[in-house]
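Asker: Structure: final.pdb, PDB, C-alpha atoms, pLDDT in the B column.
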```pdb
ATOM      1  CA  MET A  13      52.156 -28.667 -15.599  1.00 39.00           C
ATOM      2  CA  LEU A  14      54.572 -31.531 -16.168  1.00 42.00           C
ATOM      3  CA  SER A  15      52.757 -34.057 -14.054  1.00 39.00           C
ATOM      4  CA  ASN A  16      49.836 -34.382 -11.712  1.00 42.00           C
ATOM      5  CA  LYS A  17      52.467 -34.728  -8.989  1.00 45.00           C
ATOM      6  CA  VAL A  18      54.494 -31.683 -10.040  1.00 42.00           C
ATOM      7  CA  SER A  19      53.786 -28.154  -8.916  1.00 41.00           C
ATOM      8  CA  SER A  20      54.906 -24.872  -7.406  1.00 39.00           C
ATOM      9  CA  LEU A  21      54.601 -21.201  -8.127  1.00 39.00           C
ATOM     10  CA  ARG A  22      57.990 -19.554  -8.167  1.00 44.00           C
ATOM     11  CA  GLY A  23      60.525 -18.197 -10.612  1.00 39.00           C
ATOM     12  CA  THR A  24      60.723 -18.278 -14.403  1.00 36.00           C
ATOM     13  CA  GLY A  25      58.077 -20.245 -16.239  1.00 40.00           C
ATOM     14  CA  THR A  26      55.555 -20.140 -13.416  1.00 39.00           C
ATOM     15  CA  ILE A  27      52.749 -17.864 -12.285  1.00 38.00           C
ATOM     16  CA  ARG A  28      53.963 -15.007 -10.133  1.00 44.00           C
ATOM     17  CA  GLN A  29      51.544 -13.070  -8.030  1.00 45.00           C
ATOM     18  CA  PRO A  30      51.118  -9.450  -9.119  1.00 43.00           C
ATOM     19  CA  ARG A  31      52.838  -6.825  -7.061  1.00 42.00           C
ATOM     20  CA  MET A  32      50.057  -4.416  -6.286  1.00 38.00           C
ATOM     21  CA  ASP A  33      48.885  -2.142  -3.564  1.00 38.00           C
ATOM     22  CA  ILE A  34      45.502  -3.324  -2.451  1.00 36.00           C
ATOM     23  CA  LYS A  35      43.442  -3.134   0.675  1.00 34.00           C
ATOM     24  CA  VAL A  36      42.810  -6.716   1.694  1.00 35.00           C
ATOM     25  CA  ALA A  37      39.954  -7.912   3.861  1.00 36.00           C
ATOM     26  CA  ALA A  38      40.735  -8.831   7.441  1.00 39.00           C
ATOM     27  CA  ILE A  39      41.998 -12.320   8.173  1.00 38.00           C
ATOM     28  CA  GLN A  40      38.801 -13.104  10.044  1.00 42.00           C
ATOM     29  CA  ASP A  41      36.713 -12.362   6.931  1.00 47.00           C
ATOM     30  CA  SER A  42      39.079 -14.519   4.903  1.00 44.00           C
ATOM     31  CA  VAL A  43      38.557 -17.475   7.225  1.00 43.00           C
ATOM     32  CA  ARG A  44      34.788 -17.169   6.902  1.00 44.00           C
ATOM     33  CA  ARG A  45      35.046 -17.115   3.123  1.00 47.00           C
ATOM     34  CA  ARG A  46      37.344 -20.145   3.140  1.00 47.00           C
ATOM     35  CA  LYS A  47      34.645 -22.262   4.755  1.00 43.00           C
ATOM     36  CA  ASP A  48      32.939 -22.359   1.363  1.00 46.00           C
ATOM     37  CA  VAL A  49      36.019 -23.919  -0.263  1.00 42.00           C
ATOM     38  CA  ALA A  50      36.804 -27.621   0.129  1.00 41.00           C
ATOM     39  CA  SER A  51      39.878 -28.041   2.324  1.00 49.00           C
ATOM     40  CA  VAL A  52      41.052 -31.195   0.553  1.00 49.00           C
ATOM     41  CA  PRO A  53      40.834 -30.920  -3.255  1.00 54.00           C
ATOM     42  CA  ASN A  54      40.004 -34.012  -5.287  1.00 67.00           C
ATOM     43  CA  THR A  55      43.343 -33.984  -7.119  1.00 75.00           C
ATOM     44  CA  LYS A  56      46.935 -35.091  -6.671  1.00 84.00           C
ATOM     45  CA  LEU A  57      48.136 -31.707  -7.904  1.00 92.00           C
ATOM     46  CA  ARG A  58      49.451 -29.352  -5.227  1.00 95.00           C
ATOM     47  CA  LEU A  59      49.979 -25.695  -6.011  1.00 96.00           C
ATOM     48  CA  PHE A  60      51.998 -23.586  -3.594  1.00 97.00           C
ATOM     49  CA  LEU A  61      52.104 -19.804  -3.473  1.00 97.00           C
ATOM     50  CA  ASP A  62      55.747 -18.758  -3.183  1.00 96.00           C
ATOM     51  CA  SER A  63      55.351 -15.728  -0.957  1.00 97.00           C
ATOM     52  CA  ALA A  64      55.663 -14.503   2.614  1.00 98.00           C
ATOM     53  CA  SER A  65      53.269 -11.586   2.039  1.00 98.00           C
ATOM     54  CA  VAL A  66      50.138 -12.069   4.120  1.00 97.00           C
ATOM     55  CA  SER A  67      48.202  -9.639   1.923  1.00 96.00           C
ATOM     56  CA  GLN A  68      49.064 -11.724  -1.137  1.00 97.00           C
ATOM     57  CA  TRP A  69      48.141 -14.891   0.720  1.00 97.00           C
ATOM     58  CA  ASP A  70      44.751 -13.481   1.575  1.00 94.00           C
ATOM     59  CA  LEU A  71      44.217 -12.284  -1.987  1.00 94.00           C
ATOM     60  CA  TRP A  72      45.144 -15.558  -3.691  1.00 95.00           C
ATOM     61  CA  TYR A  73      44.336 -18.283  -1.179  1.00 94.00           C
ATOM     62  CA  ASN A  74      40.625 -17.517  -1.384  1.00 91.00           C
ATOM     63  CA  THR A  75      40.610 -18.771  -4.971  1.00 94.00           C
ATOM     64  CA  GLY A  76      40.809 -22.327  -3.645  1.00 93.00           C
ATOM     65  CA  LEU A  77      43.757 -23.080  -5.952  1.00 95.00           C
ATOM     66  CA  PHE A  78      46.499 -23.463  -3.402  1.00 96.00           C
ATOM     67  CA  TRP A  79      47.573 -26.252  -1.082  1.00 97.00           C
ATOM     68  CA  GLY A  80      49.851 -23.994   0.915  1.00 98.00           C
ATOM     69  CA  PHE A  81      52.769 -21.578   0.873  1.00 98.00           C
ATOM     70  CA  THR A  82      56.512 -21.833   0.314  1.00 97.00           C
ATOM     71  CA  THR A  83      59.156 -19.446   1.588  1.00 97.00           C
ATOM     72  CA  ASN A  84      62.907 -19.102   1.857  1.00 96.00           C
ATOM     73  CA  PRO A  85      65.231 -16.455   3.342  1.00 96.00           C
ATOM     74  CA  THR A  86      65.303 -14.483   0.067  1.00 95.00           C
ATOM     75  CA  ILE A  87      61.514 -14.375  -0.114  1.00 97.00           C
ATOM     76  CA  LEU A  88      61.286 -13.375   3.539  1.00 98.00           C
ATOM     77  CA  GLU A  89      63.620 -10.445   2.916  1.00 97.00           C
ATOM     78  CA  ARG A  90      61.686  -9.397  -0.202  1.00 97.00           C
ATOM     79  CA  ASP A  91      58.384  -9.422   1.665  1.00 97.00           C
ATOM     80  CA  GLY A  92      59.696  -7.715   4.788  1.00 97.00           C
ATOM     81  CA  VAL A  93      59.551 -10.687   7.161  1.00 97.00           C
ATOM     82  CA  LYS A  94      62.400 -11.241   9.598  1.00 97.00           C
ATOM     83  CA  CYS A  95      64.189 -14.562   9.246  1.00 97.00           C
ATOM     84  CA  ASN A  96      63.948 -15.730  12.835  1.00 98.00           C
ATOM     85  CA  LEU A  97      61.919 -18.277  14.766  1.00 97.00           C
ATOM     86  CA  LYS A  98      59.527 -15.746  16.299  1.00 98.00           C
ATOM     87  CA  SER A  99      58.587 -14.205  12.943  1.00 98.00           C
ATOM     88  CA  LEU A 100      58.268 -17.573  11.213  1.00 98.00           C
ATOM     89  CA  THR A 101      56.084 -18.925  14.001  1.00 98.00           C
ATOM     90  CA  SER A 102      53.735 -15.978  13.556  1.00 98.00           C
ATOM     91  CA  LEU A 103      53.798 -16.406   9.783  1.00 98.00           C
ATOM     92  CA  ALA A 104      52.962 -20.103  10.034  1.00 98.00           C
ATOM     93  CA  GLU A 105      50.104 -19.462  12.448  1.00 98.00           C
ATOM     94  CA  THR A 106      48.654 -16.940  10.001  1.00 98.00           C
ATOM     95  CA  ALA A 107      48.936 -19.478   7.183  1.00 98.00           C
ATOM     96  CA  PHE A 108      47.057 -22.084   9.190  1.00 98.00           C
ATOM     97  CA  SER A 109      44.379 -19.571  10.178  1.00 97.00           C
ATOM     98  CA  LEU A 110      43.745 -19.028   6.475  1.00 96.00           C
ATOM     99  CA  GLY A 111      43.287 -22.773   6.016  1.00 96.00           C
ATOM    100  CA  ALA A 112      46.619 -23.707   4.420  1.00 97.00           C
ATOM    101  CA  SER A 113      47.398 -27.417   4.508  1.00 97.00           C
ATOM    102  CA  GLU A 114      51.159 -26.792   4.622  1.00 98.00           C
ATOM    103  CA  ILE A 115      53.786 -24.113   4.857  1.00 98.00           C
ATOM    104  CA  GLN A 116      57.383 -24.711   3.827  1.00 98.00           C
ATOM    105  CA  LEU A 117      60.031 -22.930   5.907  1.00 98.00           C
ATOM    106  CA  GLN A 118      63.721 -23.106   5.076  1.00 98.00           C
ATOM    107  CA  SER A 119      66.416 -23.735   7.653  1.00 98.00           C
ATOM    108  CA  TRP A 120      69.663 -21.803   7.494  1.00 97.00           C
ATOM    109  CA  GLY A 121      73.269 -22.262   8.556  1.00 96.00           C
ATOM    110  CA  ASP A 122      76.529 -23.527   7.093  1.00 94.00           C
ATOM    111  CA  THR A 123      76.999 -26.600   9.281  1.00 97.00           C
ATOM    112  CA  VAL A 124      74.915 -29.662  10.075  1.00 98.00           C
ATOM    113  CA  GLY A 125      74.713 -28.503  13.684  1.00 98.00           C
ATOM    114  CA  LYS A 126      73.251 -25.100  12.771  1.00 98.00           C
ATOM    115  CA  LEU A 127      70.951 -26.432  10.076  1.00 98.00           C
ATOM    116  CA  SER A 128      69.566 -29.189  12.275  1.00 98.00           C
ATOM    117  CA  SER A 129      69.095 -26.971  15.337  1.00 98.00           C
ATOM    118  CA  ILE A 130      67.019 -24.459  13.388  1.00 98.00           C
ATOM    119  CA  ALA A 131      65.236 -27.217  11.473  1.00 98.00           C
ATOM    120  CA  PHE A 132      64.037 -28.873  14.674  1.00 98.00           C
ATOM    121  CA  ASP A 133      62.797 -25.506  15.936  1.00 98.00           C
ATOM    122  CA  LEU A 134      60.899 -24.852  12.708  1.00 98.00           C
ATOM    123  CA  ALA A 135      59.326 -28.305  12.736  1.00 98.00           C
ATOM    124  CA  GLY A 136      58.299 -27.728  16.336  1.00 98.00           C
ATOM    125  CA  ILE A 137      55.950 -24.941  15.224  1.00 98.00           C
ATOM    126  CA  ASN A 138      53.603 -27.599  13.843  1.00 98.00           C
ATOM    127  CA  PRO A 139      55.093 -31.014  12.983  1.00 96.00           C
ATOM    128  CA  LYS A 140      52.123 -32.025  10.839  1.00 97.00           C
ATOM    129  CA  GLN A 141      51.879 -28.889   8.695  1.00 98.00           C
ATOM    130  CA  VAL A 142      55.378 -27.421   8.573  1.00 98.00           C
ATOM    131  CA  VAL A 143      57.719 -28.847   5.939  1.00 98.00           C
ATOM    132  CA  VAL A 144      61.375 -27.959   6.535  1.00 98.00           C
ATOM    133  CA  LYS A 145      63.344 -26.989   3.453  1.00 98.00           C
ATOM    134  CA  LEU A 146      67.023 -27.908   3.264  1.00 98.00           C
ATOM    135  CA  PRO A 147      69.574 -27.188   0.517  1.00 97.00           C
ATOM    136  CA  CYS A 148      70.867 -29.962  -1.705  1.00 97.00           C
ATOM    137  CA  THR A 149      74.350 -29.828  -0.212  1.00 97.00           C
ATOM    138  CA  ILE A 150      76.321 -32.354   1.810  1.00 97.00           C
ATOM    139  CA  GLU A 151      75.294 -30.561   4.997  1.00 98.00           C
ATOM    140  CA  GLY A 152      71.667 -30.339   3.871  1.00 98.00           C
ATOM    141  CA  ILE A 153      71.480 -34.040   3.001  1.00 98.00           C
ATOM    142  CA  GLN A 154      73.071 -35.030   6.318  1.00 98.00           C
ATOM    143  CA  THR A 155      70.582 -32.829   8.155  1.00 98.00           C
ATOM    144  CA  ALA A 156      67.701 -34.320   6.190  1.00 98.00           C
ATOM    145  CA  ALA A 157      68.733 -37.787   7.341  1.00 97.00           C
ATOM    146  CA  LEU A 158      68.600 -36.614  10.956  1.00 97.00           C
ATOM    147  CA  LEU A 159      65.156 -35.133  10.438  1.00 98.00           C
ATOM    148  CA  ARG A 160      63.955 -38.299   8.736  1.00 96.00           C
ATOM    149  CA  ASP A 161      64.897 -40.309  11.794  1.00 95.00           C
ATOM    150  CA  ALA A 162      62.813 -37.875  13.864  1.00 97.00           C
ATOM    151  CA  ASN A 163      59.818 -38.173  11.476  1.00 96.00           C
ATOM    152  CA  ILE A 164      60.101 -34.535  10.410  1.00 98.00           C
ATOM    153  CA  ARG A 165      58.833 -33.596   6.965  1.00 98.00           C
ATOM    154  CA  VAL A 166      61.522 -32.346   4.563  1.00 98.00           C
ATOM    155  CA  THR A 167      61.931 -30.681   1.179  1.00 98.00           C
ATOM    156  CA  ILE A 168      65.332 -30.830  -0.519  1.00 98.00           C
ATOM    157  CA  THR A 169      65.631 -27.600  -2.478  1.00 98.00           C
ATOM    158  CA  GLY A 170      68.054 -26.244  -5.059  1.00 96.00           C
ATOM    159  CA  ILE A 171      68.078 -29.349  -7.257  1.00 96.00           C
ATOM    160  CA  TYR A 172      69.595 -28.890 -10.723  1.00 94.00           C
ATOM    161  CA  SER A 173      70.205 -32.389 -12.126  1.00 92.00           C
ATOM    162  CA  SER A 174      68.256 -35.615 -12.299  1.00 89.00           C
ATOM    163  CA  HIS A 175      70.646 -37.634 -10.125  1.00 91.00           C
ATOM    164  CA  GLN A 176      70.083 -35.229  -7.230  1.00 95.00           C
ATOM    165  CA  VAL A 177      66.464 -36.288  -6.985  1.00 96.00           C
ATOM    166  CA  LEU A 178      67.755 -39.707  -5.928  1.00 95.00           C
ATOM    167  CA  LEU A 179      69.540 -38.064  -2.998  1.00 96.00           C
ATOM    168  CA  ALA A 180      66.269 -36.498  -1.906  1.00 97.00           C
ATOM    169  CA  GLN A 181      64.510 -39.835  -2.223  1.00 96.00           C
ATOM    170  CA  ALA A 182      67.278 -41.650  -0.327  1.00 96.00           C
ATOM    171  CA  VAL A 183      66.923 -39.408   2.725  1.00 96.00           C
ATOM    172  CA  GLY A 184      63.140 -39.737   2.709  1.00 96.00           C
ATOM    173  CA  ALA A 185      62.345 -36.198   1.575  1.00 97.00           C
ATOM    174  CA  GLU A 186      58.675 -35.564   0.954  1.00 97.00           C
ATOM    175  CA  TYR A 187      59.489 -33.035  -1.768  1.00 98.00           C
ATOM    176  CA  ALA A 188      62.389 -32.405  -4.134  1.00 98.00           C
ATOM    177  CA  ALA A 189      62.502 -28.867  -5.525  1.00 97.00           C
ATOM    178  CA  PRO A 190      64.266 -28.315  -8.863  1.00 96.00           C
ATOM    179  CA  TYR A 191      64.718 -24.711 -10.038  1.00 93.00           C
ATOM    180  CA  LEU A 192      63.296 -25.005 -13.543  1.00 92.00           C
ATOM    181  CA  GLY A 193      63.774 -21.363 -14.528  1.00 89.00           C
ATOM    182  CA  ARG A 194      67.426 -21.342 -13.537  1.00 91.00           C
ATOM    183  CA  MET A 195      67.973 -24.734 -15.186  1.00 92.00           C
ATOM    184  CA  ASN A 196      66.628 -23.465 -18.509  1.00 90.00           C
ATOM    185  CA  ASP A 197      68.789 -20.362 -18.185  1.00 89.00           C
ATOM    186  CA  ALA A 198      71.885 -22.465 -17.502  1.00 88.00           C
ATOM    187  CA  TYR A 199      71.320 -25.396 -19.871  1.00 86.00           C
ATOM    188  CA  GLY A 200      69.352 -23.760 -22.663  1.00 83.00           C
ATOM    189  CA  GLU A 201      65.629 -23.289 -23.203  1.00 78.00           C
ATOM    190  CA  GLY A 202      63.832 -26.607 -22.928  1.00 86.00           C
ATOM    191  CA  GLN A 203      66.795 -28.532 -21.551  1.00 90.00           C
ATOM    192  CA  GLY A 204      65.819 -27.795 -17.975  1.00 92.00           C
ATOM    193  CA  THR A 205      62.285 -28.954 -18.707  1.00 92.00           C
ATOM    194  CA  GLN A 206      63.583 -32.226 -20.132  1.00 93.00           C
ATOM    195  CA  SER A 207      65.667 -32.755 -17.012  1.00 93.00           C
ATOM    196  CA  VAL A 208      62.649 -32.193 -14.757  1.00 94.00           C
ATOM    197  CA  VAL A 209      60.631 -34.685 -16.812  1.00 95.00           C
ATOM    198  CA  GLN A 210      63.466 -37.191 -16.322  1.00 95.00           C
ATOM    199  CA  MET A 211      63.358 -36.540 -12.577  1.00 96.00           C
ATOM    200  CA  GLN A 212      59.665 -37.411 -12.504  1.00 95.00           C
ATOM    201  CA  LYS A 213      60.301 -40.585 -14.500  1.00 95.00           C
ATOM    202  CA  ILE A 214      62.954 -41.631 -11.982  1.00 94.00           C
ATOM    203  CA  LEU A 215      60.590 -41.104  -9.066  1.00 94.00           C
ATOM    204  CA  SER A 216      57.659 -42.796 -10.801  1.00 93.00           C
ATOM    205  CA  SER A 217      59.707 -45.825 -11.831  1.00 93.00           C
ATOM    206  CA  SER A 218      60.674 -46.483  -8.216  1.00 89.00           C
ATOM    207  CA  ALA A 219      57.204 -45.752  -6.833  1.00 89.00           C
ATOM    208  CA  ALA A 220      58.786 -43.053  -4.653  1.00 89.00           C
ATOM    209  CA  ARG A 221      56.740 -41.062  -2.164  1.00 93.00           C
ATOM    210  CA  THR A 222      58.852 -37.994  -2.996  1.00 96.00           C
ATOM    211  CA  ARG A 223      57.005 -35.326  -4.969  1.00 96.00           C
ATOM    212  CA  LEU A 224      58.583 -32.815  -7.329  1.00 96.00           C
ATOM    213  CA  LEU A 225      58.016 -29.211  -6.282  1.00 96.00           C
ATOM    214  CA  VAL A 226      59.004 -27.345  -9.419  1.00 95.00           C
ATOM    215  CA  ALA A 227      60.165 -23.757  -8.982  1.00 87.00           C
TER
END
```
Would you mind giving the structure from this file in C-alpha coordinates?
Answerer:
Amino acid sequence: MLSNKVSSLRGTGTIRQPRMDIKVAAIQDSVRRRKDVASVPNTKLRLFLDSASVSQWDLWYNTGLFWGFTTNPTILERDGVKCNLKSLTSLAETAFSLGASEIQLQSWGDTVGKLSSIAFDLAGINPKQVVVKLPCTIEGIQTAALLRDANIRVTITGIYSSHQVLLAQAVGAEYAAPYLGRMNDAYGEGQGTQSVVQMQKILSSSAARTRLLVA
(Lines of atoms letter the chains of each structure in order from A and count residues from 1; the text may use other names and numbers.)
(Lines give C-alpha, C1' and ligand atoms only; values in the text may rest on other atoms or scores of the structure.)
Protein backbone atom coordinates (compact mmCIF):
# COMPACT_ATOMS: atom_id res chain seq x y z
CA MET A 1 0.00 0.00 0.00
CA LEU A 2 1.21 3.51 -0.77
CA SER A 3 0.08 5.08 2.45
CA ASN A 4 -1.85 4.31 5.58
CA LYS A 5 -4.53 6.57 4.11
CA VAL A 6 -4.57 4.91 0.68
CA SER A 7 -6.63 1.88 -0.19
CA SER A 8 -9.12 0.09 -2.42
CA LEU A 9 -9.50 -3.24 -4.10
CA ARG A 10 -10.19 -2.81 -7.78
CA GLY A 11 -8.44 -3.12 -11.12
CA THR A 12 -4.82 -3.76 -12.06
CA GLY A 13 -2.30 -3.94 -9.25
CA THR A 14 -4.84 -4.75 -6.56
CA ILE A 15 -6.39 -7.85 -5.05
CA ARG A 16 -9.37 -9.10 -7.01
CA GLN A 17 -11.77 -11.51 -5.46
CA PRO A 18 -11.77 -14.95 -7.09
CA ARG A 19 -14.63 -15.75 -9.39
CA MET A 20 -15.88 -19.03 -8.04
CA ASP A 21 -19.06 -20.94 -7.57
CA ILE A 22 -19.53 -21.51 -3.89
CA LYS A 23 -22.42 -22.08 -1.57
CA VAL A 24 -22.29 -19.25 0.93
CA ALA A 25 -23.79 -19.31 4.39
CA ALA A 26 -26.99 -17.37 4.95
CA ILE A 27 -26.75 -13.68 5.74
CA GLN A 28 -28.07 -14.32 9.23
CA ASP A 29 -25.17 -16.70 9.97
CA SER A 30 -22.77 -14.12 8.58
CA VAL A 31 -24.08 -11.46 10.96
CA ARG A 32 -23.59 -13.77 13.93
CA ARG A 33 -20.02 -14.49 12.87
CA ARG A 34 -19.31 -10.79 12.41
CA LYS A 35 -20.03 -10.12 16.07
CA ASP A 36 -16.65 -11.67 16.83
CA VAL A 37 -14.86 -9.12 14.64
CA ALA A 38 -14.19 -5.58 15.86
CA SER A 39 -16.38 -3.14 13.94
CA VAL A 40 -13.85 -0.31 14.10
CA PRO A 41 -10.28 -1.47 13.33
CA ASN A 42 -7.38 0.20 15.10
CA THR A 43 -5.88 1.54 11.87
CA LYS A 44 -6.23 4.44 9.47
CA LEU A 45 -6.15 2.03 6.54
CA ARG A 46 -9.49 1.37 4.85
CA LEU A 47 -9.86 -1.53 2.45
CA PHE A 48 -12.93 -1.68 0.24
CA LEU A 49 -14.17 -4.70 -1.67
CA ASP A 50 -15.01 -3.58 -5.20
CA SER A 51 -18.00 -5.80 -5.87
CA ALA A 52 -21.79 -5.87 -5.96
CA SER A 53 -21.93 -9.66 -5.48
CA VAL A 54 -23.54 -10.46 -2.14
CA SER A 55 -22.03 -13.96 -2.16
CA GLN A 56 -18.56 -12.44 -2.53
CA TRP A 57 -19.33 -9.93 0.19
CA ASP A 58 -20.32 -12.69 2.56
CA LEU A 59 -17.24 -14.73 1.66
CA TRP A 60 -14.71 -11.91 2.11
CA TYR A 61 -16.24 -9.56 4.66
CA ASN A 62 -16.01 -12.19 7.38
CA THR A 63 -12.22 -11.94 7.23
CA GLY A 64 -12.45 -8.63 9.08
CA LEU A 65 -10.24 -6.95 6.46
CA PHE A 66 -12.75 -4.64 4.87
CA TRP A 67 -14.22 -1.28 5.82
CA GLY A 68 -16.95 -1.51 3.22
CA PHE A 69 -17.83 -1.96 -0.44
CA THR A 70 -17.49 0.10 -3.60
CA THR A 71 -19.60 -0.19 -6.73
CA ASN A 72 -20.23 1.57 -10.01
CA PRO A 73 -22.59 0.94 -12.95
CA THR A 74 -20.06 -1.35 -14.68
CA ILE A 75 -19.64 -3.48 -11.56
CA LEU A 76 -23.40 -3.63 -11.07
CA GLU A 77 -23.84 -4.94 -14.61
CA ARG A 78 -21.04 -7.50 -14.15
CA ASP A 79 -22.58 -8.82 -10.94
CA GLY A 80 -26.15 -8.86 -12.21
CA VAL A 81 -27.52 -5.98 -10.13
CA LYS A 82 -29.88 -3.50 -11.75
CA CYS A 83 -28.70 0.10 -11.72
CA ASN A 84 -31.75 1.71 -10.18
CA LEU A 85 -32.70 3.14 -6.81
CA LYS A 86 -34.73 0.13 -5.69
CA SER A 87 -31.92 -2.35 -6.36
CA LEU A 88 -29.26 -0.13 -4.82
CA THR A 89 -31.36 0.43 -1.72
CA SER A 90 -31.64 -3.32 -1.26
CA LEU A 91 -27.92 -3.75 -1.91
CA ALA A 92 -27.01 -1.10 0.65
CA GLU A 93 -29.29 -2.61 3.27
CA THR A 94 -27.60 -5.98 2.75
CA ALA A 95 -24.19 -4.35 3.14
CA PHE A 96 -25.19 -2.77 6.43
CA SER A 97 -26.69 -6.03 7.68
CA LEU A 98 -23.27 -7.61 7.16
CA GLY A 99 -21.70 -4.87 9.28
CA ALA A 100 -20.14 -2.69 6.57
CA SER A 101 -19.18 0.79 7.74
CA GLU A 102 -19.75 2.28 4.27
CA ILE A 103 -20.95 1.52 0.79
CA GLN A 104 -20.05 3.68 -2.18
CA LEU A 105 -22.75 4.07 -4.84
CA GLN A 106 -22.17 5.98 -8.06
CA SER A 107 -24.63 8.47 -9.48
CA TRP A 108 -25.28 8.56 -13.21
CA GLY A 109 -26.42 11.07 -15.81
CA ASP A 110 -24.88 13.51 -18.26
CA THR A 111 -26.09 16.76 -16.70
CA VAL A 112 -25.80 18.35 -13.27
CA GLY A 113 -29.56 18.06 -12.89
CA LYS A 114 -29.59 14.30 -13.50
CA LEU A 115 -26.47 13.60 -11.49
CA SER A 116 -27.65 15.61 -8.50
CA SER A 117 -31.19 14.20 -8.52
CA ILE A 118 -29.92 10.62 -8.41
CA ALA A 119 -27.16 11.53 -5.97
CA PHE A 120 -29.63 12.95 -3.46
CA ASP A 121 -31.74 9.80 -3.78
CA LEU A 122 -28.72 7.57 -3.18
CA ALA A 123 -27.62 9.58 -0.16
CA GLY A 124 -31.14 9.34 1.20
CA ILE A 125 -30.74 5.57 1.59
CA ASN A 126 -28.47 6.22 4.58
CA PRO A 127 -26.75 9.63 4.79
CA LYS A 128 -24.19 8.43 7.34
CA GLN A 129 -23.06 5.26 5.56
CA VAL A 130 -23.63 5.87 1.85
CA VAL A 131 -20.86 7.72 0.00
CA VAL A 132 -21.96 9.04 -3.40
CA LYS A 133 -19.45 8.62 -6.20
CA LEU A 134 -19.26 11.28 -8.91
CA PRO A 135 -17.04 11.44 -12.01
CA CYS A 136 -14.19 13.92 -12.22
CA THR A 137 -15.91 15.97 -14.92
CA ILE A 138 -17.23 19.52 -14.92
CA GLU A 139 -20.72 18.19 -14.24
CA GLY A 140 -19.45 15.85 -11.52
CA ILE A 141 -17.52 18.61 -9.75
CA GLN A 142 -20.50 20.98 -9.90
CA THR A 143 -22.72 18.25 -8.47
CA ALA A 144 -20.20 17.53 -5.73
CA ALA A 145 -20.35 21.17 -4.66
CA LEU A 146 -24.13 20.92 -4.35
CA LEU A 147 -23.83 17.77 -2.26
CA ARG A 148 -21.18 19.37 -0.07
CA ASP A 149 -23.57 22.18 0.77
CA ALA A 150 -26.11 19.53 1.79
CA ASN A 151 -23.54 17.68 3.96
CA ILE A 152 -23.61 14.61 1.72
CA ARG A 153 -20.52 12.43 1.59
CA VAL A 154 -18.79 12.30 -1.81
CA THR A 155 -16.09 10.42 -3.69
CA ILE A 156 -14.67 11.97 -6.86
CA THR A 157 -13.78 9.05 -9.11
CA GLY A 158 -11.90 8.66 -12.37
CA ILE A 159 -8.89 10.76 -11.35
CA TYR A 160 -5.83 10.43 -13.61
CA SER A 161 -3.50 13.33 -12.72
CA SER A 162 -2.25 14.91 -9.53
CA HIS A 163 -3.89 18.30 -10.11
CA GLN A 164 -7.32 16.65 -10.18
CA VAL A 165 -6.98 15.66 -6.55
CA LEU A 166 -7.07 19.38 -5.75
CA LEU A 167 -10.48 19.60 -7.43
CA ALA A 168 -11.74 16.83 -5.19
CA GLN A 169 -10.33 18.57 -2.14
CA ALA A 170 -11.80 21.93 -3.20
CA VAL A 171 -15.34 20.56 -3.33
CA GLY A 172 -14.96 18.83 0.03
CA ALA A 173 -14.87 15.26 -1.27
CA GLU A 174 -14.20 12.67 1.40
CA TYR A 175 -12.41 10.43 -1.11
CA ALA A 176 -10.55 10.94 -4.38
CA ALA A 177 -10.28 7.79 -6.50
CA PRO A 178 -7.39 7.55 -8.98
CA TYR A 179 -7.37 4.57 -11.37
CA LEU A 180 -3.84 3.31 -10.77
CA GLY A 181 -4.01 0.36 -13.16
CA ARG A 182 -5.22 2.48 -16.05
CA MET A 183 -2.69 5.20 -15.22
CA ASN A 184 0.20 2.73 -15.41
CA ASP A 185 -1.18 1.39 -18.68
CA ALA A 186 -1.43 4.90 -20.13
CA TYR A 187 1.73 6.50 -18.73
CA GLY A 188 4.05 3.52 -18.46
CA GLU A 189 4.69 1.05 -15.66
CA GLY A 190 5.54 2.89 -12.46
CA GLN A 191 4.58 6.33 -13.74
CA GLY A 192 1.03 5.98 -12.50
CA THR A 193 2.32 4.91 -9.10
CA GLN A 194 4.55 7.98 -8.91
CA SER A 195 1.59 10.18 -9.75
CA VAL A 196 -0.51 8.61 -6.98
CA VAL A 197 2.33 9.16 -4.50
CA GLN A 198 2.40 12.82 -5.58
CA MET A 199 -1.36 13.03 -5.00
CA GLN A 200 -0.90 11.81 -1.43
CA LYS A 201 1.89 14.33 -0.85
CA ILE A 202 -0.39 17.13 -2.05
CA LEU A 203 -3.15 16.08 0.32
CA SER A 204 -0.79 15.55 3.25
CA SER A 205 0.94 18.90 2.78
CA SER A 206 -2.38 20.72 3.05
CA ALA A 207 -3.67 18.59 5.93
CA ALA A 208 -6.65 17.68 3.75
CA ARG A 209 -9.47 15.49 5.04
CA THR A 210 -9.73 13.91 1.58
CA ARG A 211 -8.51 10.32 1.42
CA LEU A 212 -7.11 8.58 -1.64
CA LEU A 213 -9.14 5.54 -2.70
CA VAL A 214 -6.77 3.86 -5.11
CA ALA A 215 -8.33 1.61 -7.75
Asker: Go through A:Leu110, A:Leu215, A:Val144, A:Ala185 one by one, measure the shortest atom-to-atom distance of each to A:Arg160 using only C-alpha atoms, and give the residue with the smallest value.
Answerer: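 Of A:Leu110, A:Leu215, A:Val144, A:Ala185, the one nearest A:Arg160 is A:Ala185, counting only C-alpha atoms.
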Asker: Taking 6 positions as the minimum chain separation for residues in the same chain, which residues sit within 12 Å of A:Gln203 when counting all atoms listed in the file? Answer as a list of chain:residue names.
Answerer: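 So, after excluding close chain neighbours, the residues are A:Tyr172, A:Ser173, A:Ser174, A:Leu192, A:Gly193, A:Arg194, A:Met195, A:Asn196, A:Asp197, A:Val209, A:Gln210.
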Asker: From the options A:Trp120, A:Phe132, A:Phe78, A:Tyr187, which residue's atoms come nearest to A:Glu151, counting all atoms listed in the file?
Answerer: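 Once distances to A:Glu151 are computed over all atoms listed in the file, the minimum belongs to A:Trp120.
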Asker: Within 6 Å of stretch 56-74 of chain A, which residues of stretch 79-192 of chain A show up? Give each one with its shortest atom-to-atom distance in Å (one decimal) and the two atoms involved, counting all atoms listed in the file, rows by chain then rising residue number, as JSON lines.
Answerer:
```
{"residue": "A:Trp79", "atom": "CA", "partner": "A:Arg58", "partner_atom": "CA", "distance": 5.5}
{"residue": "A:Gly80", "atom": "CA", "partner": "A:Phe60", "partner_atom": "CA", "distance": 5.0}
{"residue": "A:Phe81", "atom": "CA", "partner": "A:Leu61", "partner_atom": "CA", "distance": 4.7}
{"residue": "A:Thr82", "atom": "CA", "partner": "A:Asp62", "partner_atom": "CA", "distance": 4.7}
{"residue": "A:Thr83", "atom": "CA", "partner": "A:Ser63", "partner_atom": "CA", "distance": 5.9}
{"residue": "A:Leu88", "atom": "CA", "partner": "A:Ala64", "partner_atom": "CA", "distance": 5.8}
{"residue": "A:Asp91", "atom": "CA", "partner": "A:Ser65", "partner_atom": "CA", "distance": 5.6}
```
Asker: Check the smallest atom-to-atom distance from each of A:Val124, A:Ala198, A:Leu134, A:Val166 to A:Ser102 using all atoms listed in the file, then report the winner.
Answerer: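 Of A:Val124, A:Ala198, A:Leu134, A:Val166, the one nearest A:Ser102 is A:Leu134, counting all atoms listed in the file.
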